[in-house]
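Next comes my_file16.cif, with mmCIF, C-alpha atoms and all ligand atoms.
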data_query
#
loop_
_atom_site.label_atom_id
_atom_site.label_comp_id
_atom_site.auth_asym_id
_atom_site.auth_seq_id
_atom_site.Cartn_x
_atom_site.Cartn_y
_atom_site.Cartn_z
CA MET F 1 -2.05 15.98 -5.69
CA ALA F 2 -1.78 19.20 -7.60
CA ARG F 3 1.67 19.72 -6.25
CA VAL F 4 4.83 17.82 -6.51
CA LEU F 5 7.21 16.39 -3.98
CA ARG F 6 10.74 17.51 -4.52
CA VAL F 7 13.99 16.47 -3.02
CA ALA F 8 17.14 18.55 -3.22
CA ARG F 9 19.74 16.00 -4.26
CA SER F 10 22.75 17.90 -3.07
CA SER F 11 21.58 18.46 0.49
CA SER F 12 19.57 16.63 3.07
CA LEU F 13 16.72 19.07 2.60
CA PHE F 14 13.43 18.10 1.11
CA SER F 15 11.58 20.98 -0.39
CA PHE F 16 8.28 21.79 -1.90
CA GLY F 17 7.70 25.20 -3.44
CA SER F 18 8.83 27.76 -0.93
CA ARG F 19 8.65 25.29 1.95
CA SER F 20 11.63 23.20 2.92
CA TYR F 21 12.73 21.36 5.99
CA SER F 22 15.48 19.15 7.26
CA ALA F 23 15.34 15.51 6.37
CA GLU F 24 16.06 14.75 10.05
CA ALA F 25 13.13 15.98 10.91
CA SER F 26 -15.82 -5.00 12.61
CA HIS F 27 -13.00 -6.31 11.17
CA ALA F 28 -12.26 -2.70 11.23
CA SER F 29 -10.94 -3.48 14.68
CA SER F 30 -9.95 -0.02 15.81
CA PRO F 31 -9.48 0.46 19.51
CA SER F 32 -9.03 4.14 18.62
CA PRO F 33 -11.96 6.16 17.26
CA PRO F 34 -12.76 5.59 13.59
CA PRO F 35 -11.05 7.93 11.13
CA THR F 36 -12.60 11.35 10.82
CA PHE F 37 -14.24 10.80 7.45
CA LEU F 38 -15.96 7.66 8.67
CA ARG F 39 -17.59 9.43 11.60
CA GLY F 40 -20.86 11.30 11.36
CA GLY F 41 -23.86 9.24 12.42
CA GLY F 42 -23.26 6.48 9.94
CA ALA F 43 -23.99 8.80 7.01
CA ARG F 44 -22.73 7.18 3.86
CA ARG F 45 -19.92 8.85 2.01
CA ASP F 46 -20.99 10.17 -1.36
CA VAL F 47 -17.67 9.87 -3.10
CA THR F 48 -19.01 11.38 -6.30
CA LYS F 49 -19.68 14.77 -4.69
CA GLU F 50 -16.21 15.25 -3.26
CA ARG F 51 -12.76 15.52 -4.70
CA ASN F 52 -11.13 12.23 -5.52
CA VAL F 53 -9.87 10.24 -2.57
CA GLN F 54 -6.31 10.52 -1.31
CA TRP F 55 -5.75 7.35 0.62
CA VAL F 56 -2.75 5.43 1.93
CA PHE F 57 -2.51 1.67 2.44
CA LEU F 58 -0.21 0.43 5.18
CA GLY F 59 0.55 -3.18 6.00
CA CYS F 60 3.28 -5.80 6.17
CA PRO F 61 4.79 -7.31 3.03
CA GLY F 62 2.42 -10.01 1.79
CA VAL F 63 -0.68 -8.67 3.53
CA GLY F 64 -2.43 -7.86 0.24
CA LYS F 65 -2.08 -4.08 0.06
CA GLY F 66 -1.60 -4.26 -3.70
CA THR F 67 -4.65 -6.44 -4.24
CA TYR F 68 -7.09 -4.31 -2.24
CA ALA F 69 -5.59 -0.97 -3.25
CA SER F 70 -5.86 -1.97 -6.89
CA ARG F 71 -9.50 -3.09 -6.54
CA LEU F 72 -10.42 0.13 -4.75
CA SER F 73 -8.63 2.23 -7.32
CA SER F 74 -10.74 0.66 -10.10
CA LEU F 75 -13.89 1.16 -8.06
CA LEU F 76 -13.16 4.80 -7.22
CA GLY F 77 -11.46 5.78 -10.48
CA VAL F 78 -8.20 6.92 -8.94
CA PRO F 79 -4.68 5.70 -9.68
CA HIS F 80 -3.17 2.98 -7.53
CA ILE F 81 0.43 4.02 -7.02
CA ALA F 82 2.70 1.38 -5.48
CA THR F 83 6.21 2.59 -4.72
CA GLY F 84 7.42 -1.04 -4.90
CA ASP F 85 6.26 -1.08 -8.56
CA LEU F 86 8.09 2.19 -9.21
CA VAL F 87 11.25 0.68 -7.75
CA ARG F 88 10.86 -2.48 -9.87
CA GLU F 89 10.29 -0.39 -13.02
CA GLU F 90 13.48 1.51 -12.27
CA LEU F 91 15.33 -1.78 -11.69
CA ALA F 92 14.14 -3.12 -15.02
CA SER F 93 15.15 0.05 -16.86
CA SER F 94 18.90 -0.50 -16.40
CA GLY F 95 19.18 3.24 -15.80
CA PRO F 96 21.89 4.74 -13.57
CA LEU F 97 20.00 3.92 -10.37
CA SER F 98 19.35 0.33 -11.30
CA GLN F 99 22.44 -1.36 -9.85
CA GLN F 100 22.28 0.60 -6.61
CA LEU F 101 18.60 -0.26 -6.15
CA LYS F 102 19.15 -3.92 -6.94
CA GLU F 103 21.53 -4.37 -4.04
CA ILE F 104 19.21 -2.62 -1.58
CA VAL F 105 16.02 -4.37 -2.68
CA ASN F 106 17.59 -7.82 -2.85
CA GLN F 107 18.64 -7.51 0.77
CA GLY F 108 15.12 -6.51 1.80
CA LYS F 109 16.27 -3.05 2.87
CA LEU F 110 14.48 0.23 2.31
CA VAL F 111 15.49 2.53 -0.52
CA SER F 112 16.54 5.98 0.69
CA ASP F 113 13.82 8.55 1.29
CA GLU F 114 15.46 10.76 -1.33
CA ILE F 115 15.27 8.15 -4.10
CA ILE F 116 11.75 7.01 -3.26
CA VAL F 117 10.39 10.56 -3.04
CA ASN F 118 11.94 11.34 -6.42
CA LEU F 119 10.40 8.24 -8.01
CA LEU F 120 7.00 9.06 -6.55
CA SER F 121 7.29 12.68 -7.56
CA LYS F 122 7.99 11.72 -11.17
CA ARG F 123 5.04 9.31 -11.17
CA LEU F 124 2.69 11.96 -9.77
CA GLU F 125 3.88 14.54 -12.29
CA ALA F 126 3.31 12.11 -15.17
CA GLY F 127 -0.16 11.30 -13.83
CA GLU F 128 -1.07 14.93 -13.45
CA ALA F 129 -0.05 15.60 -17.02
CA LYS F 130 -2.55 12.91 -18.05
CA GLY F 131 -5.30 14.49 -15.94
CA GLU F 132 -5.20 12.07 -13.02
CA SER F 133 -6.47 13.21 -9.67
CA GLY F 134 -6.66 11.52 -6.29
CA PHE F 135 -4.66 8.39 -5.50
CA ILE F 136 -4.34 5.29 -3.43
CA LEU F 137 -0.75 5.01 -2.28
CA ASP F 138 0.55 1.53 -1.55
CA GLY F 139 3.92 1.16 0.17
CA PHE F 140 4.37 4.88 0.82
CA PRO F 141 5.01 6.32 3.34
CA ARG F 142 7.27 3.71 4.96
CA THR F 143 9.20 6.05 7.25
CA MET F 144 8.31 9.06 9.38
CA ARG F 145 10.32 11.30 7.07
CA GLN F 146 8.25 10.14 4.12
CA ALA F 147 5.00 10.70 6.09
CA GLU F 148 6.09 14.23 6.99
CA ILE F 149 7.01 15.05 3.41
CA LEU F 150 3.65 13.74 2.20
CA GLY F 151 1.78 15.60 4.94
CA ASP F 152 3.55 18.78 3.98
CA VAL F 153 2.40 18.73 0.38
CA THR F 154 -1.06 17.27 0.52
CA ASP F 155 -3.97 16.11 2.71
CA ILE F 156 -4.39 12.43 3.27
CA ASP F 157 -8.03 11.53 3.93
CA LEU F 158 -7.61 8.02 5.22
CA VAL F 159 -4.93 5.49 6.09
CA VAL F 160 -6.00 1.86 5.92
CA ASN F 161 -3.80 -0.49 7.94
CA LEU F 162 -4.31 -4.05 6.70
CA LYS F 163 -3.41 -6.83 9.09
CA LEU F 164 -2.85 -10.57 8.96
CA PRO F 165 -1.22 -12.89 11.48
CA GLU F 166 2.57 -12.90 11.11
CA GLU F 167 2.62 -16.69 10.45
CA VAL F 168 0.62 -16.19 7.26
CA LEU F 169 2.72 -13.39 5.77
CA VAL F 170 5.84 -15.35 4.87
CA ASP F 171 3.79 -18.05 3.12
CA LYS F 172 1.83 -15.42 1.24
CA CYS F 173 5.00 -13.69 0.02
CA LEU F 174 6.57 -17.00 -1.02
CA GLY F 175 3.38 -17.91 -2.92
CA ARG F 176 3.29 -14.70 -4.96
CA ARG F 177 3.55 -15.04 -8.73
CA THR F 178 3.16 -12.52 -11.54
CA CYS F 179 2.37 -13.27 -15.17
CA ASP F 180 5.27 -11.96 -17.20
CA GLN F 181 2.96 -11.25 -20.10
CA CYS F 182 -0.27 -9.75 -18.73
CA GLY F 183 1.25 -8.42 -15.49
CA LYS F 184 -1.50 -9.84 -13.25
CA GLY F 185 -0.65 -11.07 -9.77
CA PHE F 186 -1.54 -14.51 -8.39
CA ASN F 187 -0.80 -16.52 -5.29
CA ILE F 188 -0.26 -20.25 -5.14
CA ALA F 189 -0.16 -20.49 -1.32
CA HIS F 190 -2.82 -22.50 0.54
CA ILE F 191 -3.24 -20.81 3.90
CA ASN F 192 -4.87 -22.69 6.72
CA LEU F 193 -4.02 -21.29 10.12
CA LYS F 194 -5.91 -22.81 13.04
CA GLY F 195 -7.48 -20.53 15.63
CA GLU F 196 -5.61 -20.36 18.94
CA ASN F 197 -5.90 -18.56 22.28
CA GLY F 198 -9.18 -16.89 21.33
CA LYS F 199 -7.83 -15.74 17.97
CA PRO F 200 -9.85 -16.88 14.96
CA GLY F 201 -8.28 -19.22 12.43
CA ILE F 202 -7.71 -18.01 8.92
CA SER F 203 -7.87 -19.82 5.64
CA MET F 204 -7.22 -18.55 2.15
CA ASP F 205 -7.55 -20.40 -1.09
CA PRO F 206 -4.80 -19.90 -3.64
CA LEU F 207 -5.47 -17.35 -6.35
CA LEU F 208 -4.51 -19.46 -9.34
CA PRO F 209 -3.68 -18.11 -12.79
CA PRO F 210 -5.71 -18.98 -15.87
CA PRO F 211 -4.13 -21.64 -18.15
CA GLN F 212 -2.71 -19.06 -20.57
CA CYS F 213 -0.61 -17.45 -17.78
CA MET F 214 0.56 -20.72 -16.22
CA SER F 215 3.81 -21.05 -18.14
CA LYS F 216 4.66 -17.35 -17.83
CA LEU F 217 4.69 -17.01 -14.07
CA ILE F 218 7.62 -15.24 -12.45
CA THR F 219 8.60 -14.79 -8.81
CA ARG F 220 9.99 -11.52 -7.48
CA ALA F 221 13.71 -11.73 -6.79
CA ASP F 222 13.11 -10.38 -3.26
CA ASP F 223 10.44 -12.98 -2.42
CA THR F 224 12.87 -15.54 -0.99
CA GLU F 225 12.38 -16.69 2.61
CA GLU F 226 15.47 -14.90 3.88
CA VAL F 227 14.66 -11.59 2.20
CA VAL F 228 10.96 -11.76 3.13
CA LYS F 229 11.92 -12.23 6.79
CA ALA F 230 14.29 -9.26 6.58
CA ARG F 231 11.52 -7.13 5.03
CA LEU F 232 9.05 -8.15 7.73
CA ARG F 233 11.56 -7.30 10.45
CA ILE F 234 12.28 -3.89 8.93
CA TYR F 235 8.58 -3.23 8.42
CA ASN F 236 7.82 -4.05 12.05
CA GLU F 237 10.61 -1.74 13.21
CA THR F 238 9.45 1.23 11.15
CA SER F 239 5.67 0.91 11.11
CA GLN F 240 4.79 1.69 14.71
CA PRO F 241 5.62 5.41 14.67
CA LEU F 242 3.79 5.74 11.35
CA GLU F 243 0.68 4.10 12.75
CA GLU F 244 0.85 6.32 15.83
CA TYR F 245 1.27 9.40 13.64
CA TYR F 246 -1.86 8.70 11.60
CA ARG F 247 -3.81 7.43 14.62
CA SER F 248 -3.15 10.70 16.44
CA LYS F 249 -4.55 12.55 13.42
CA GLY F 250 -7.73 10.42 13.52
CA LYS F 251 -6.97 8.99 10.08
CA LEU F 252 -6.01 5.40 10.81
CA MET F 253 -8.44 2.59 10.10
CA GLU F 254 -7.21 -0.80 11.32
CA PHE F 255 -8.56 -3.72 9.31
CA ASP F 256 -7.93 -7.35 10.25
CA LEU F 257 -8.40 -9.35 7.09
CA PRO F 258 -10.85 -12.16 7.86
CA GLY F 259 -9.57 -14.48 5.09
CA GLY F 260 -9.03 -14.42 1.34
CA ILE F 261 -10.52 -11.99 -1.17
CA PRO F 262 -14.08 -13.45 -1.17
CA GLU F 263 -14.47 -12.90 2.59
CA SER F 264 -12.32 -9.78 2.93
CA TRP F 265 -13.41 -7.60 0.02
CA PRO F 266 -17.08 -7.16 1.08
CA ARG F 267 -16.01 -6.58 4.69
CA LEU F 268 -13.50 -3.97 3.62
CA LEU F 269 -16.10 -2.15 1.52
CA GLU F 270 -18.45 -2.23 4.49
CA ALA F 271 -15.77 -0.82 6.79
CA LEU F 272 -15.10 1.93 4.25
CA ARG F 273 -18.84 2.60 3.89
CA LEU F 274 -18.49 1.79 0.22
CA ASP F 275 -20.66 -1.32 0.03
CA ASP F 276 -23.63 0.48 -1.52
CA TYR F 277 -21.27 2.51 -3.72
CA GLU F 278 -20.18 -0.71 -5.44
CA GLU F 279 -23.83 -1.68 -6.02
CA LYS F 280 -24.61 1.76 -7.48
CA GLN F 281 -21.61 1.53 -9.76
CA SER F 282 -22.58 -1.89 -11.11
CA ALA F 283 -26.18 -0.77 -11.55
CA ALA F 284 -24.98 2.24 -13.55
CA ALA F 285 -22.64 0.13 -15.68
N1 LIG T 301 8.27 3.87 0.54
C1 LIG T 301 9.39 3.15 0.39
N2 LIG T 301 10.52 3.52 1.03
C2 LIG T 301 11.67 2.83 0.87
N3 LIG T 301 11.79 1.73 0.10
C3 LIG T 301 10.69 1.31 -0.57
C4 LIG T 301 9.44 2.00 -0.46
N4 LIG T 301 8.53 1.37 -1.24
C5 LIG T 301 9.17 0.33 -1.80
N5 LIG T 301 10.46 0.28 -1.40
C6 LIG T 301 11.49 -0.69 -1.83
O1 LIG T 301 10.93 -1.59 -2.77
C7 LIG T 301 10.88 -2.93 -2.24
C8 LIG T 301 9.61 -3.60 -2.70
O2 LIG T 301 8.51 -2.88 -2.19
P1 LIG T 301 7.05 -3.52 -2.13
O3 LIG T 301 6.69 -4.08 -3.45
O4 LIG T 301 6.15 -2.51 -1.52
O5 LIG T 301 7.30 -4.77 -1.19
P2 LIG T 301 6.72 -5.38 0.12
O6 LIG T 301 6.16 -6.68 -0.34
O7 LIG T 301 7.96 -5.53 0.96
O8 LIG T 301 5.67 -4.48 0.74
C9 LIG T 301 11.02 -2.77 -0.73
O9 LIG T 301 11.58 -3.92 -0.11
C10 LIG T 301 11.96 -1.57 -0.66
O10 LIG T 301 13.30 -1.93 -0.94
#
For this file, produce the structure as structure tokens.
Ligand SMILES: Nc1ncnc2c1ncn2[C@@H]1O[C@H](COP(=O)(O)OP(=O)(O)O)[C@@H](O)[C@H]1O
Amino acid sequence: MARVLRVARSSSLFSFGSRSYSAEASHASSPSPPPTFLRGGGARRDVTKERNVQWVFLGCPGVGKGTYASRLSSLLGVPHIATGDLVREELASSGPLSQQLKEIVNQGKLVSDEIIVNLLSKRLEAGEAKGESGFILDGFPRTMRQAEILGDVTDIDLVVNLKLPEEVLVDKCLGRRTCDQCGKGFNIAHINLKGENGKPGISMDPLLPPPQCMSKLITRADDTEEVVKARLRIYNETSQPLEEYYRSKGKLMEFDLPGGIPESWPRLLEALRLDDYEEKQSAAA
């Protein structure tokens, strides 16, 4: 994104350059047509010949947006930018925003559009200064206002909507652990949901840490059952218009995760027409 999102603090106007507007303003199981870039007679996308991807990952808390966005970002050589991480960095910084954010996040509520756009804007500016281009956004946009702001400053190529049955999501959030030292994410939950009413069952093995991380595991303060349920409720309330918005633009790709990473990753690459891209990359390595 060669341009930067800006929010006028003193008013409810978001602005970018001269433009400003009121803040009021497979398993790829898509009943709607596939996103525009995936159409075209099955021709494979040659990512190397185009500008870097500008993708968005949508999905409920616990669905695995971070895991798959991060893997794709390594594969495609673009930054994975998670607004949840930006919020947690700000919380840890004990800066002026920290206390205000803590209260919001610990209740499972959404941070204001103004704050989140400012955090993202700063992150994009810093990335640009380091020569980054393209991105995979994870956790942004979460509201229609955020989607409109994003759409006003840049083109999004694809929006991947990851899905898992609701019953699995709470357990996955409660099983999340991060190594305080290396920063890697793990999950200690054993998921085994039986198939019912024609819906397939789903099982996921835990993603356990190596021995050296075992004693350094931390749990996010907002991954308690009560807060996770609040986040899921808020997500479900706000996500539908966002999905509709991107569906109507032909950019939404729905993806029902078939299981854990070993089953889901190859299927996701296939759905994204990136399965041979990964092979080419490893052959070139
Ligand atoms: N785009 C956003 N808009 C508003 N609040 C956000 C946004 N992204 C992250 N947050 C805040 O940060 C918290 C953690 O975000 P995230 O790590 O994405 O969690 P989740 O597991 O709920 O998807 C959210 O509960 C919310 O308070």
Excluding F:Met144 and any residue of its chain fewer than 5 positions from it, enumerate the residues within 12 Å of it, using only C-alpha atoms, and give them as a PyMOL selection string. chain F and resi 23-25+113+149-151+237-246
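Interatomic distance, atom CA of F:Phe255 to atom CA of F:Phe57: 10.6 Å.
With only C-alpha atoms and all ligand atoms counted, the chains near ligand LIG 301 (chain T) contribute these residues within 7 Å: Cys60, Pro61, Gly62, Ala82, Thr83, Gly84, Asp85, Val87, Ile104, Val105, Gly108, Lys109, Leu110, Val111, Ser112, Asp113, Ile116, Asp138, Gly139, Phe140, Pro141, Arg142, Thr143 and Arg231 of chain F.
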Pick from F:Thr178, F:Asn197, F:Gln146, F:Gln54, whichever lies nearest to F:Ile81 using all atoms listed in the file: F:Gln54
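When the distance limit is 12 Å and only C-alpha atoms are what count, the residues near F:Leu217, minus those fewer than 2 positions from it on the same chain, are Gly175, Arg176, Arg177, Thr178, Cys179, Asp180, Gln181, Cys182, Gly183, Lys184, Gly185, Phe186, Asn187, Ile188, Leu208, Pro209, Pro210, Pro211, Gln212, Cys213, Met214, Ser215, Thr219 and Arg220 of chain F.
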Do you have the atom CA of F:Pro96-atom CA of F:Asn118 distance handy? 13.9 Å
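Picture a line from atom CA of F:Glu166 to atom CA of F:Asn236; it runs 10.3 Å.
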F:Lys163 proximity check over F:Ser264, F:Asn106, F:Gln99, F:Asn52, using all atoms listed in the file: winner is F:Ser264
All residues 6 Å or closer to stretch 119-136 of chain F, all atoms listed in the file, same chain fewer than 2 positions away omitted, as a VMD selection string: chain F and resid 4 to 5 52 to 56 78 to 80 116 to 117
Could you give me the axis-aligned bounding box of stretch 135-140 of chain F, with 3 Å of padding per side, as centre plus edge lengths in Å to one decimal, as JSON?
{"center_x": -0.1, "center_y": 4.8, "center_z": -2.3, "size_x": 15.0, "size_y": 13.2, "size_z": 12.3}
From F:Leu86, F:Ile218, F:Leu162, F:Ile156, residue lying nearest F:Thr67 [all atoms listed in the file]: F:Leu162
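Nearest residue to F:Ser70, choosing from F:Leu158, F:Ile191, F:Met204, F:Leu137 and counting all atoms listed in the file: F:Leu137.
Comparing F:Leu193, F:Leu272, F:Leu164, F:Leu76 by their smallest distance to F:Arg51, the closest is F:Leu76 (using all atoms listed in the file).
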